[in-house]
Amino acid sequence: MTLLNLSRRDWLKLSAAGVSAVSLSGWLQVLASRAAQTPTKHKSCILLWMDGGPSHKDTFDLKPGTKDGGEFKPISTAVPGIQISEHFPKFAQVMNHAAILRGMSTSEGAHPRAKYYLHTGYKEGQGGLNYPSLGSLVSAEIGKPDGSMPNYVSIGARSYGAGFLGIHHAPLLVADPARGVENLKPLVNGSHFDDRLGLLHEMESAFYREYKAEASADHWTTYQRAVTLMQSKEAKAFDLSLEPSSVRQAYGSSRFGDGCLLARRLVEAGVSFVEVTLGGWDTHQNNFERVKQLSQQCDPAMAALVNDLKQRGLLDSTLIVWMGEFGRTPRINQRGAKPGRDHYPRAWSSVLIGGGIKGGQVIGKTDKEGATVVERPISALDFLATICELLGINWKKQNNTPIGRPIRIVDKGATPIAELLG
C-alpha cells in the first residue's frame, strides 16, 4: 500500500504508531507526478442550479393564450414540435441534445426543505441523519480517490455537503469563478514549505495520539487535499484568464457564464461533479422582468456549454442538469404593482442535456394551466435515480453511516426514466 492509497484515518494511525519517518518531500513529489498524468475520459455531471425555483410556465412549459399564461411568447427549437420561452433562443438551437421533463412533481414547497430534498433524495430530518448531496455521492462513487483535483466543486454559492460520507467528499467552494481558487501558491518555496507541512503533520499526529478525535483526521484531510491541489498541474483549470476573450463572451460575460465556462474546464481536467448556481428565481414579485433577465443570463451560457462540450468530444460523457427546487404557481398573484408567482412543487420542469441521453424530446405533460401533471409524473426519487443511472452509479447500493447503518443512494420507490436511457 502506498501513501496515496491511505485513508485519512490510516494515515493518522500510522503516525500515532511512530511511522513518521516518511519524507513528506518525497510524498509531495509523488503527488506532483500523479497530478501530471493525463486524465482519462470519464463520466461527469454539471448541475446548473436555479436557486429559488424557476417558473416552468415562463421557461420550458409555456401556456400561451391562457388566463395566467403570462407575457412571454413561445419559440420553435431545433426539434420540430418543441417550443420554449422566447428568452432562450440560443438554447433552442441545441434542443436536439436535450430532454425537457415537464412532469416533475415533488412534495416540498419550502425553500430549505425542497433544496435539501432535491440535492439528497431524502427529506430533512428523515431518520435523524445528515444525508450526502448528489455531488458528494458522485464523488464517492465515480470520483478519483487519489486524484489531484477535487471530485466535487461548487461555483457561485455554497451547496450541500457530504453528510455521513465524510469530508473527503465535501465540495470545494469557488465563490467567484473569475477569481478561481485563491492562495494556490505557497508563501514559501521548496524545502521550507515541506518543513512547515512536516511540522503540521507532527502536531496533528500528536493530537490524534492523545485524543483520538475524528475531527483531527478531518482537519488533516483538508490540508492533504489542499496540498495535493497546490502541487497539481491541473490546477490551472481554475484560471479563466487562459481562455480567449471570445470564448468568455460566448458564455455571456456574466458571473453565471464564467461559472459554466469554469465547469467545462474542470470537467475537462477530470472533476466528476460541478454545481453552478444562478440565484434570484424566487419571483413572488416582478416575476416577468426578473425571469426575463435571468433567462437572458442563462441562455448563452447553457448553449455555449453544450456546444463547447460537443466540440471537445465531452458531451456524451457529461450530463448537464438544469433545475431548481420547484416551479412557480400557475396563477399570477397580485402582490403590489408588479405581480409574481409563488412556490409550486406539484408540477414543474427540469432539463437534462448530453450524458448519453436520448435527446430532442419532451417527457411528461401538464394540463392547460400548468397546474397538474397529466402524463408521466416524475418524482424526485425517479429523477435522482435517472441521473445515477446515466452516470453509471448503482442507485440501489447501500452506503454505511459511521455507526454501520446502511442507507441507499436513492431511497426505495424510485423508477428511472426509461425514455431517456439509451
# chains A, B, ... in the order shown; residues from 1 in each chain; ligands from 1

$ select_by_dssp --residues "stretch 36-148 of chain A" --states "alpha helix (DSSP H)" --output "list in words"
Pro89, Lys90, Phe91, Ala92, His111, Pro112, Arg113, Ala114, Lys115, Tyr116, Tyr117, Leu118, His119, Thr120, Leu134, Gly135, Ser136, Leu137, Val138, Ser139, Ala140, Glu141 and Ile142 of chain A

$ residues_around --residues "A:Leu129" --least-positions-apart "6" --cutoff "12 Å" --atoms "only C-alpha atoms" --output "MDAnalysis selection string"
chainID A and resid 120 122:123 162:165 400:403 405:407

$ atom_distance --atom1 "atom CA of A:Gln126" --atom2 "atom CA of A:Val153"
26.0 Å

$ select_by_dssp --residues "stretch 110-193 of chain A" --states "strand (DSSP E)" --output "JSON, numbers by chain"
{"A": [152, 153, 154, 155, 172, 173, 174]}

$ write_last_selection --atoms "N, CA and C atoms" --output "JSON list (two decimals), in the first residue's frame"
[["chain", "number", "residue", "atom", "x", "y", "z"],
["A", 152, "TYR", "N", -15.60, 17.24, -6.44],
["A", 152, "TYR", "CA", -16.86, 17.97, -6.31],
["A", 152, "TYR", "C", -16.53, 19.43, -6.09],
["A", 153, "VAL", "N", -16.97, 20.29, -7.03],
["A", 153, "VAL", "CA", -16.73, 21.72, -6.93],
["A", 153, "VAL", "C", -18.07, 22.45, -7.01],
["A", 154, "SER", "N", -18.27, 23.41, -6.12],
["A", 154, "SER", "CA", -19.48, 24.22, -6.12],
["A", 154, "SER", "C", -19.10, 25.66, -6.47],
["A", 155, "ILE", "N", -19.73, 26.20, -7.52],
["A", 155, "ILE", "CA", -19.36, 27.51, -8.04],
["A", 155, "ILE", "C", -20.50, 28.50, -7.81],
["A", 172, "LEU", "N", -15.51, 21.68, -2.91],
["A", 172, "LEU", "CA", -14.62, 22.84, -2.88],
["A", 172, "LEU", "C", -15.43, 24.03, -3.39],
["A", 173, "LEU", "N", -15.54, 25.07, -2.61],
["A", 173, "LEU", "CA", -16.32, 26.24, -2.98],
["A", 173, "LEU", "C", -15.46, 27.24, -3.76],
["A", 174, "VAL", "N", -15.97, 27.66, -4.91],
["A", 174, "VAL", "CA", -15.37, 28.74, -5.68],
["A", 174, "VAL", "C", -16.41, 29.85, -5.73]]

$ closest_residue --among "A:His284, A:His97, A:Arg179, A:Arg408" --to "A:Asn333" --atoms "only C-alpha atoms"
A:His284

$ closest_residue --among "A:Met323, A:Ala414, A:Ala237, A:Leu391" --to "A:Val276" --atoms "only C-alpha atoms"
A:Met323
